[in-house]
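Only one structure is covered here, and it is reproduced in the block below.
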Amino acid sequence: MKIHPARLVPTILLLLALLLPASAGASRTQESTFQDDNLLVFSPPEQVAKTMDRLKALGVDRLRISVFWGTVAPTPTAQTRPADFDAANPGAYPPDAWDRYDTIVRLATERGLRLNFNLTSPAPFWATDSLPDRPDLDKNFNPNPAEFGAFAAAVGKRYSGGYVPAKGGPGLPRVDYWTVWNEPNQPGWLTPQWLPDPRKGGAFVETAPRIYRTLVDGMYSGLIASGHTKDTVLIGETAPKGQKSAKGPTRALKPGRFIRQLYCLDDNLQFLKGTSAELRGCPVSNQAAAFAAQHPALFKATGYAHHPYELTFKPTQEPGEDDFTTGNLNELSSLLRRVYQRYGAPIPGGQRDLPLYLTEYGYQTDPPDPIGVSLAKQAAYLNEAEFITYRNRRVRTLSQFLYNDDVPDPAASNPIAAFGATFQSGLATSDGTPKKGAILAYRMPIFVPQRKPRKGSRMRVWGMVRPAVNNKRTRVEIHVRSRRGKYKRVKTVAASRGRAYVDTKIKPRRSGAVRLVWRDGGETITSRSVSFRLLPAKKRSTRR
């Protein structure tokens with residue numbers, strides 16, 4: 001098969017990015033975020049405290065916490081709104097509704113862990129619409145943006161700093177970092193994704209972007225009303241992929257298409273016009289000024305949150321068109337930049353690109369999932385993904401999704417179906433047994449971009465000491481062994497002060513393996529080992 005040279009360009013650029021030394025634009029201060037709602041939201045306080053202690057010891061900076069609207073709201077499965085209910089008043093909610101989140105903010109503050117509150121579905125049924133014959137969608141079908149805004153105001157007031165619960169006790173700590181909804185381009189979180197086009201039988205119109213746009217408006221207004229004007233507020237939270245051609249209320253939208261429609265732009269980044277605009281809730285005249293005035297949060301958000309999963313492929317694997325993973329984050333940034341340019345809107349903070357917050361990531365493993373990657377590949381891929389985001393100056397955080405695997409569906413008819421609706425991306429199995437290499441890889445990542453260097457050349461070794469105290473001087477040893485020998489220290493380097501990154505080069509004499517070693521007081525922490533093979537040195541030309 002003939003390959004056009006132009007198609008080789010992305011691959012060549014990617015290889016160059018891996019081989020070249022770190023640039024001044026590397027993201028050296030990105031946070032380590034972690035999420036596990038089963039352990040942090042739905043566990044008793046003593047388990048929450050234990051989990052936080054474990055994550056703190058691993059070097060986690062921030063916890064992503066799902067604030068489930070329907071979990072806090074009164075009568076969440078009723079179709080009728082409670083009478084005289086003031087949804088913007090945190091004191092109007094059921095007495096125990098906030099307990100789990102009060103526990104989280106108190107325990108996290110005690111441990112110096114920061115929080116990301118993600119307000120999301122399932123929603124109370126009285127705040128959503130219904131689709132005939134699909135009662136299973138009531139939890140997220142066309143949520144009412146005004147009700148969601150009131151809920152956001154209640155959450156914002158309760159965690160504004162100093163709010164005293166009706167039960168008494170000290171004031172609650174402040175939360176100052178927020179994200180709007182979870183994966184709005186996926187039907188598991190928001191429906192309808194598409195609705196029939198009234199202009200043409202059999203055709204469909206993208207609907208989830210319009211709904212999400214109003215939810216962003218509502219939550220942003222609620223946060224502003226509750227005193228969070230200077231907080232970090234992220235939009236997007238998009239899933240990495242969507243369905244290529246299938247359309248319908250429960251057919252996922254690709255994130256690229258979702259973003260364009262969210263900003264009322266067509267596939268060529270031109271303003272939607274006429275009935276195409278009207279059906280999507282977009283202005284039909286003076287689009288640039290009118291749209292920006294109607295939806296300020298879309299242009300004032302601190303950054304864009306995204307989940308760049310590959311789950312079962314290497315992190316450099318490029319996805320399909322309009323999908324975004326760690327393999328093509330530059331394309332996501334390019335799209336967002338062009339959207340802002342189309343509206344003549346400045347990037348917040350005067351930056352060239354909108355910051356990226358990668359708020360979910362991980363690898364599905366086998367065991368236990370039959371279609372997952374091996375435990376060794378999970379460790380290697382997690383470290384390579386972290387190296388990729390380190391090299392991307394736009395990235396502000398990378399979040400590991402799950403400490404413990406989800407429990408598979410016991411009612412499923414076969415193993416693949418049992419794991420299909422759950423995540424086995426944890427660092428440990430569902431019973432808490434650590435996966436071989438995963439915790440080691442997370443605690444102290446290591447990556448060697450070129451594992452087949454030539455003899456006499458220098459080999460780049462990158463890594464991170466996640467548990468090291470941020471901005472404290474940290475020294476890391478580089479140990480190397482031959483295939484049959486013992487590890488010996490060949491170099492000691494100072495890690496970067498921001499997040500204790502290591503980025504150095506060594507000149508190995510023979511094939512073998514390399515690892516990082518960090519000594520913290522009386523404790524010695526070692527990374528996983530990465531093997532490498534020396535190739536013969538290039539022969540010098542004898543031509544004159």
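Starting from 1 in every chain, residues are counted up; chains themselves are A, B, ... following the order of the structure tokens, and ligands are numbered from 1 as listed.
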Determine, counting only C-alpha atoms, which protein, DNA and RNA residues have an atom within 8 Å of an atom of range 430-436 of chain A; residues of the same chain fewer than 3 positions away are not included. Present the result as a PDB file with N, CA and C atoms, in the first residue's frame.
```
ATOM      1  N   LEU A 375      -0.946  -6.243  33.562  1.00  0.00           N
ATOM      2  CA  LEU A 375      -0.561  -5.382  34.681  1.00  0.00           C
ATOM      3  C   LEU A 375       0.750  -4.652  34.376  1.00  0.00           C
ATOM      4  N   ALA A 376       1.663  -5.318  33.681  1.00  0.00           N
ATOM      5  CA  ALA A 376       2.925  -4.678  33.314  1.00  0.00           C
ATOM      6  C   ALA A 376       2.688  -3.518  32.357  1.00  0.00           C
ATOM      7  N   ASN A 404      -9.360   1.369  43.874  1.00  0.00           N
ATOM      8  CA  ASN A 404      -9.848  -0.014  43.777  1.00  0.00           C
ATOM      9  C   ASN A 404     -10.699  -0.180  42.524  1.00  0.00           C
ATOM     10  N   ASP A 405     -10.559  -1.305  41.854  1.00  0.00           N
ATOM     11  CA  ASP A 405     -11.422  -1.629  40.715  1.00  0.00           C
ATOM     12  C   ASP A 405     -12.893  -1.647  41.146  1.00  0.00           C
ATOM     13  N   ASP A 406     -13.764  -1.326  40.208  1.00  0.00           N
ATOM     14  CA  ASP A 406     -15.197  -1.543  40.424  1.00  0.00           C
ATOM     15  C   ASP A 406     -15.477  -3.040  40.516  1.00  0.00           C
ATOM     16  N   VAL A 407     -16.552  -3.386  41.197  1.00  0.00           N
ATOM     17  CA  VAL A 407     -17.009  -4.768  41.224  1.00  0.00           C
ATOM     18  C   VAL A 407     -17.787  -5.034  39.936  1.00  0.00           C
ATOM     19  N   LEU A 427      -5.562   0.936  40.906  1.00  0.00           N
ATOM     20  CA  LEU A 427      -4.215   0.496  41.251  1.00  0.00           C
ATOM     21  C   LEU A 427      -4.262  -0.780  42.078  1.00  0.00           C
ATOM     22  N   ILE A 439       0.910   0.453  41.893  1.00  0.00           N
ATOM     23  CA  ILE A 439       1.133   1.458  42.940  1.00  0.00           C
ATOM     24  C   ILE A 439       2.554   1.984  42.860  1.00  0.00           C
TER      25      ILE A 439
END
```
* **Non-local contacts of range 251-253 of chain A (8 Å; only C-alpha atoms; under 5 positions in same chain excluded) as a list in words** => Asn185, Gln186, Pro187, Gln193, Trp194, Lys241, Gly242, Gln243, Ala246 and Phe258 of chain A
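Residues in contact range of Val502 in chain A, defined as at most 8 Å between only C-alpha atoms, with sequence neighbours fewer than 4 positions away removed, read Val461, Trp462, Gly463, Met464, Val465, Val476, Val493, Ala494, Ala495 and Ser496 of chain A.
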* Closest of A:Gly327, A:Pro143, A:Pro45, A:Pro249 to Arg106 in chain A - atom-to-atom distances counting only C-alpha atoms -> A:Pro45
* Go through range 236-455 of chain A and collect every residue that DSSP, computed from the backbone, puts in alpha helix (DSSP H); the answer should be as an MDAnalysis selection string. => chainID A and resid 255:262 274:278 287:294 297:300 329:343 375:390 415:420 438:443
